Each structure stands twice: as C-alpha cells, then as structure tokens.
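S.K.: The structure that follows is given in the form of structure tokens.
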Amino acid sequence: MPLFLTRLLARLAFLSSWATPAAVVLFVFCTSWPLMALAEPADSDLVRPGNYWWYFVVTAATVGYGDLYPTSDWGHLVGVYVIIGGIVALTTVFTKLATVLEQAKGRRMLGSNTVDATGHIVLLGYEPGRTERFVDRLRAEGADRVVLCAPEEVGTHPMPSPEIDFVRGQLTDEAVLRRAAVPKAAAVLIDAHGDNEALAIAVAVDHLGSPAHIVVALRDTDRTSLMHYVDKNIHCVPWHLPRMISEELTSPGIGEVYTELMAHGGANTYSLRIPESLGSVSIEDCQLALGRKHGVTVLAVRDGAGTLVVNPSWQSEAPAGSVLYYVSPRRLSDRQVEDALRG
C-alpha cells in the first residue's frame, strides 16, 4: 500500500513543492482536533491543547506510544483519519526527498551544478587518459579537492568521485568558470586542445580577477610571451611534460626552476666522476667543500653498481669512481674537485 501511494503521488504535479507535506499535515491537524473534541468525552485528556499536538505527532508518524489514545468509537475513527493523513504526508516528504536527491545526482553527473569550494584546484579542459593521470598525481600529492571543468562535448562526468567535482560548458564563458569556483581556487590548470584556445581561456580567467596560481600547458612555449600579455604571473609549462605540470600546480614556480636548469646560461646541471685518487668521500664533504669554493649543490649520486640516489643523505659515502650530479654556475674540472675535497 505505501509503495502504491508513493507511485501514485509521485505523478502529481503539486508534489514538486515542499509546501505540499506541510499543507497536508496542517489540514489534517486543523480538522482532526475539533472532530476529536466532538467525538471524545468532555473530560478527556486527549483533546487538551498541551496533549493533542503530541498525540497527533506520534500518531501521524505511525509511532504510537500509547500514552494518549481515543476511547470512543467515533474517536477511533478520527484516529484512523490522523494515521492516513500522516502516511500521506510522510509519503509526499519521501517522494520529494527522493526527487531532490535524484536531481542533484543528475546535475552533478551532467556538470550543470555549481561548485561550492575554496582553495581547490580547477582543471580547465579534458583529454581522456591524460586528465585522469593529472588527477591521480594531484590526489597523490595531497590535493583535497579537484574540479574538472570540461567542454560541452564531454557528456557526463568522466571520473565520478566524491573528491572530483564536474562542471560542463563553454570554457571561455564567465558563468561556467564561476560555477567551477575559479575565483576561489588555489590553482588553475588550462589544458586546452590548442594554444589559441588556451589563450582565450586565459583571458576569460584573468577577467575574473582570480588570485589563483594559473598554469597553462603550451604546445609551443614561444607563445609564453603572449600569455604574459594577459598576466605576467601566468606560468607556462610544456604540454608534453605532464609531470612538470602537476608539480607546478602543487609547488608554484617549480616549472620555472626546471626551465632555468635546462636553459643555457646561469646555473646549470652537470655531472662529474669522483677521482680514484680521492678514495671514498662523504656527501657532506662534497656539499660543503664544493659548495663553499665553487657554489655547487649536489643533487644525486650514482655508485659503481649503477644505483642512482637523488638527494643523498649527508651521512652517506660516495665510493671512488661514483658519479655526482650537481648544480653549478660552471662545469668543474677533475683538478678543481680534487683541490676542493683535499682542502
């Protein structure tokens, strides 16, 4: 019977409002009270104002504690009326609640909802496989919440997860960007289908005045200057280096460090082999002696067995013949290395 009532009432248009169950409850209460007062004896505790509302609530909710109940035949009939009215009211509540939940789920899956978030990461653009890898890296690096803002051709949420929100629409549309909470984001990645589209999206994001760290994946890094016309604080990263893009989102500025290390001039990355004449040396001696004399920072060491250790412990040893990888203003000769470490 309740299932039948649910299906029947779900088809009625007036159930689209939360006012419906309230109206049912109010109507049943206002009509049942005077009927109960007429049906019950004049000295009945049931119809007293302080008691009837409690009886009505527990009866309409089909709880029925039994502390108050009608004693006359007509009172029993009014009690049945209250029970039926309560079932109808509860049915309308559950029907409306189920509809709201279903609609919310549908809006989330279709990307038509508005995200309520702060300090999150927004990904503008979607490419199957590539975007999933971005999200996995960001989640692994501690990103609590990610918003995927995809173009209209992406029909439904490609990565349904409570931690990944989905917004769908034209990526240059201000309303779509606001639904993705771009103005309140900590970082924004623009990963478009092409550099021209990326430039247009960057203009739209800049128009919002977002304080977020904006990262643009470019296929042609020579277009970085065009992005800087939009905002000099936009960080451009090569499109084909997804690992660098992910790190730039979570560690702002690291992409620029990588670019400088790979560029000619200034500090650069080199390698050297520890001379056999020095024997085994400690990483601490390498860091201190080479750093003081030549401005060197040791990044990694590869021992004779071929094992590479990045950011080696200062307490570890580098056997003779090991290869050191370091950052320095210039390449060091074997003689410079020997003089520094012997000194």
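Ordering of the structure tokens sets the chain letters (A, B, ...); residue numbers start at 1 within each chain; ligands are numbered from 1 in the order shown.
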Give me the residues near Arg330 of chain A as a PyMOL selection string, where near means some atom within 12 Å (using only C-alpha atoms) and where sequence neighbours in that chain fewer than 4 positions away do not count.

M.R.: chain A and resi 264-272+294-297+326+336

S.K.: I want to know what sits within 8 Å of Glu317 of chain A, based on only C-alpha atoms, with residues of the same chain fewer than 3 positions away left out; could you give that as a ChimeraX atom specification?

M.R.: /A:280-283

S.K.: Restrict the selected residues to N, CA and C atoms and save them as a PDB file, in the first residue's frame.

M.R.:
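Full text of result_10.pdb as output:
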ATOM      1  N   SER A 280      86.995   6.941  -1.168  1.00  0.00           N
ATOM      2  CA  SER A 280      85.608   7.182  -0.799  1.00  0.00           C
ATOM      3  C   SER A 280      85.485   8.531  -0.082  1.00  0.00           C
ATOM      4  N   VAL A 281      84.489   9.323  -0.452  1.00  0.00           N
ATOM      5  CA  VAL A 281      84.276  10.632   0.177  1.00  0.00           C
ATOM      6  C   VAL A 281      82.830  10.708   0.666  1.00  0.00           C
ATOM      7  N   SER A 282      82.606  11.493   1.700  1.00  0.00           N
ATOM      8  CA  SER A 282      81.245  11.653   2.229  1.00  0.00           C
ATOM      9  C   SER A 282      80.498  12.711   1.429  1.00  0.00           C
ATOM     10  N   ILE A 283      79.188  12.541   1.352  1.00  0.00           N
ATOM     11  CA  ILE A 283      78.352  13.529   0.658  1.00  0.00           C
ATOM     12  C   ILE A 283      78.423  14.867   1.386  1.00  0.00           C
TER      13      ILE A 283
END

S.K.: Can you list, as a ChimeraX atom specification, every protein, DNA or RNA residue that comes within 12 Å of Pro312 of chain A when you count only C-alpha atoms, leaving out same-chain residues fewer than 5 positions away?

M.R.: /A:282-284,286-287,297-303,307,317-318,324-326

S.K.: Please return, as number ranges by chain, all residues of segment 247-333 of chain A that DSSP assigns to strand (DSSP E) on the basis of the backbone.

M.R.: A: 268-273, 281-282, 297-302, 308-310, 317-318, 323-328

S.K.: Quick one: write out the picked residues with N, CA, C and O atoms as a short mmCIF file (atom, residue, chain, number, x, y, z; two decimals), in the first residue's frame?

M.R.:
data_model
loop_
_atom_site.label_atom_id
_atom_site.label_comp_id
_atom_site.auth_asym_id
_atom_site.auth_seq_id
_atom_site.Cartn_x
_atom_site.Cartn_y
_atom_site.Cartn_z
N ASN A 268 73.48 25.69 -14.06
CA ASN A 268 73.15 24.58 -14.94
C ASN A 268 73.42 23.27 -14.22
O ASN A 268 73.98 23.26 -13.12
N THR A 269 73.02 22.17 -14.81
CA THR A 269 73.23 20.85 -14.22
C THR A 269 74.37 20.14 -14.94
O THR A 269 74.44 20.16 -16.18
N TYR A 270 75.24 19.52 -14.15
CA TYR A 270 76.40 18.83 -14.70
C TYR A 270 76.59 17.52 -13.94
O TYR A 270 75.92 17.25 -12.93
N SER A 271 77.54 16.74 -14.40
CA SER A 271 77.94 15.52 -13.69
C SER A 271 79.45 15.43 -13.69
O SER A 271 80.14 15.97 -14.56
N LEU A 272 80.00 14.74 -12.69
CA LEU A 272 81.44 14.51 -12.60
C LEU A 272 81.67 13.16 -11.94
O LEU A 272 80.83 12.67 -11.19
N ARG A 273 82.82 12.57 -12.25
CA ARG A 273 83.18 11.31 -11.63
C ARG A 273 84.24 11.57 -10.57
O ARG A 273 85.23 12.27 -10.81
N VAL A 281 84.49 9.32 -0.45
CA VAL A 281 84.28 10.63 0.18
C VAL A 281 82.83 10.71 0.67
O VAL A 281 81.93 10.06 0.13
N SER A 282 82.61 11.49 1.70
CA SER A 282 81.25 11.65 2.23
C SER A 282 80.50 12.71 1.43
O SER A 282 81.09 13.66 0.90
N THR A 297 75.81 22.59 -5.66
CA THR A 297 74.80 21.87 -4.87
C THR A 297 74.67 20.48 -5.47
O THR A 297 74.32 20.32 -6.65
N VAL A 298 74.97 19.47 -4.67
CA VAL A 298 74.89 18.09 -5.15
C VAL A 298 73.42 17.64 -5.17
O VAL A 298 72.72 17.74 -4.16
N LEU A 299 72.97 17.14 -6.32
CA LEU A 299 71.59 16.70 -6.48
C LEU A 299 71.44 15.20 -6.31
O LEU A 299 70.46 14.73 -5.72
N ALA A 300 72.40 14.43 -6.84
CA ALA A 300 72.27 12.98 -6.83
C ALA A 300 73.64 12.35 -6.96
O ALA A 300 74.63 13.01 -7.32
N VAL A 301 73.70 11.05 -6.68
CA VAL A 301 74.94 10.29 -6.81
C VAL A 301 74.60 8.91 -7.37
O VAL A 301 73.57 8.32 -7.02
N ARG A 302 75.46 8.43 -8.28
CA ARG A 302 75.31 7.07 -8.82
C ARG A 302 76.58 6.30 -8.48
O ARG A 302 77.69 6.70 -8.88
N LEU A 308 71.23 4.86 -8.61
CA LEU A 308 71.09 6.31 -8.54
C LEU A 308 70.32 6.69 -7.28
O LEU A 308 69.24 6.16 -7.03
N VAL A 309 70.87 7.61 -6.50
CA VAL A 309 70.21 8.12 -5.29
C VAL A 309 70.06 9.62 -5.43
O VAL A 309 71.06 10.35 -5.49
N VAL A 310 68.82 10.08 -5.53
CA VAL A 310 68.54 11.51 -5.62
C VAL A 310 68.46 12.09 -4.21
O VAL A 310 67.91 11.47 -3.31
N GLU A 317 78.19 7.78 2.01
CA GLU A 317 79.50 7.82 1.37
C GLU A 317 79.35 7.60 -0.13
O GLU A 317 78.48 6.85 -0.58
N ALA A 318 80.21 8.27 -0.89
CA ALA A 318 80.28 8.08 -2.33
C ALA A 318 81.61 7.42 -2.65
O ALA A 318 82.67 8.05 -2.51
N VAL A 323 79.56 8.76 -9.65
CA VAL A 323 79.22 9.95 -10.44
C VAL A 323 78.35 10.87 -9.59
O VAL A 323 77.34 10.42 -9.03
N LEU A 324 78.74 12.13 -9.49
CA LEU A 324 77.95 13.15 -8.81
C LEU A 324 77.22 13.99 -9.85
O LEU A 324 77.79 14.38 -10.87
N TYR A 325 75.96 14.28 -9.56
CA TYR A 325 75.17 15.19 -10.40
C TYR A 325 74.94 16.45 -9.57
O TYR A 325 74.47 16.36 -8.43
N TYR A 326 75.24 17.60 -10.13
CA TYR A 326 75.23 18.81 -9.33
C TYR A 326 74.77 20.02 -10.14
O TYR A 326 74.75 20.00 -11.38
N VAL A 327 74.38 21.06 -9.39
CA VAL A 327 74.04 22.36 -9.98
C VAL A 327 75.19 23.30 -9.69
O VAL A 327 75.67 23.37 -8.54
N SER A 328 75.61 24.03 -10.72
CA SER A 328 76.77 24.92 -10.55
C SER A 328 76.75 25.98 -11.64
O SER A 328 76.16 25.76 -12.71
#

S.K.: Write out as number ranges by chain all residues of segment 164-294 of chain A that DSSP puts in alpha helix (DSSP H) for this structure's backbone.

M.R.: A: 174-179, 195-207, 224-230, 242-250, 254-262, 283-285, 291-294

S.K.: For segment 237-253 of chain A, list every protein, DNA or RNA residue within 7 Å, evaluated using only C-alpha atoms, and leave out those in the same chain fewer than 3 positions away; present the list as JSON, numbers by chain.

M.R.: {"A": [134, 137, 138, 187, 215, 216, 217, 218, 219, 221, 256, 257]}

S.K.: Can you write out the residues you just picked, keeping C-alpha atoms, as a JSON list (two decimals), in the first residue's frame?

M.R.:
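Saved file selection.json follows:
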[["chain", "number", "residue", "atom", "x", "y", "z"],
["A", 134, "PHE", "CA", 46.76, 14.61, -13.81],
["A", 137, "ARG", "CA", 49.07, 12.77, -9.45],
["A", 138, "LEU", "CA", 47.33, 15.67, -7.75],
["A", 187, "ALA", "CA", 45.39, 26.82, -8.60],
["A", 215, "VAL", "CA", 49.29, 27.25, -15.10],
["A", 216, "VAL", "CA", 48.97, 26.92, -18.88],
["A", 217, "ALA", "CA", 50.09, 23.84, -20.82],
["A", 218, "LEU", "CA", 51.52, 25.09, -24.13],
["A", 219, "ARG", "CA", 52.47, 23.09, -27.18],
["A", 221, "THR", "CA", 56.44, 27.57, -25.44],
["A", 256, "GLU", "CA", 60.35, 27.88, -13.96],
["A", 257, "VAL", "CA", 63.19, 26.32, -11.94]]

S.K.: Quick one: distance from atom CA of Gly255 of chain A to atom CA of Leu290 of chain A in Å, one decimal?

M.R.: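 Result for atom CA of Gly255 of chain A versus atom CA of Leu290 of chain A: 26.2 Å, one decimal.
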
S.K.: Within 10 Å of Thr20 of chain A, counting only C-alpha atoms, which residues qualify if same-chain residues fewer than 6 places away don't, as a list in words?

M.R.: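 Using only C-alpha atoms, the neighbours found are Phe14, Leu26, Ala89, Thr92, Val93 and Lys96 of chain A.
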
S.K.: Those residues with N, CA and C atoms, as a short mmCIF file (atom, residue, chain, number, x, y, z; two decimals), in the first residue's frame please?

M.R.:
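Printed below is part23.cif as written:
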data_model
loop_
_atom_site.label_atom_id
_atom_site.label_comp_id
_atom_site.auth_asym_id
_atom_site.auth_seq_id
_atom_site.Cartn_x
_atom_site.Cartn_y
_atom_site.Cartn_z
N PHE A 14 1.66 18.68 -8.08
CA PHE A 14 1.78 19.54 -6.89
C PHE A 14 2.81 19.01 -5.90
N LEU A 26 -0.93 20.29 8.16
CA LEU A 26 -1.71 21.38 8.75
C LEU A 26 -3.21 21.15 8.58
N ALA A 89 1.26 12.43 4.33
CA ALA A 89 2.26 13.48 4.50
C ALA A 89 3.68 12.92 4.40
N THR A 92 4.60 12.09 0.80
CA THR A 92 4.97 13.26 0.00
C THR A 92 6.37 13.74 0.35
N VAL A 93 6.72 13.65 1.64
CA VAL A 93 8.08 14.06 2.06
C VAL A 93 9.13 13.18 1.41
N LYS A 96 9.36 13.73 -2.37
CA LYS A 96 10.07 14.96 -2.70
C LYS A 96 11.57 14.80 -2.43
#

S.K.: For a quick check of understanding, using only C-alpha atoms, which of A:Val188, A:Leu35, A:Ala117, A:Val182 has the smallest distance to Glu163 of chain A?

M.R.: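 Result for the nearest residue to Glu163 of chain A: A:Ala117.
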
S.K.: Using only C-alpha atoms, which of the listed residues (A:Thr118, A:Val135, A:Gly125, A:Glu141) sits closest to Ala202 of chain A?

M.R.: A:Gly125

S.K.: At what distance in Å, to one decimal, does atom CA of Ala143 of chain A lie from atom CA of Pro162 of chain A?

M.R.: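 Calculated distance between atom CA of Pro162 of chain A and atom CA of Ala143 of chain A is 13.1 Å.
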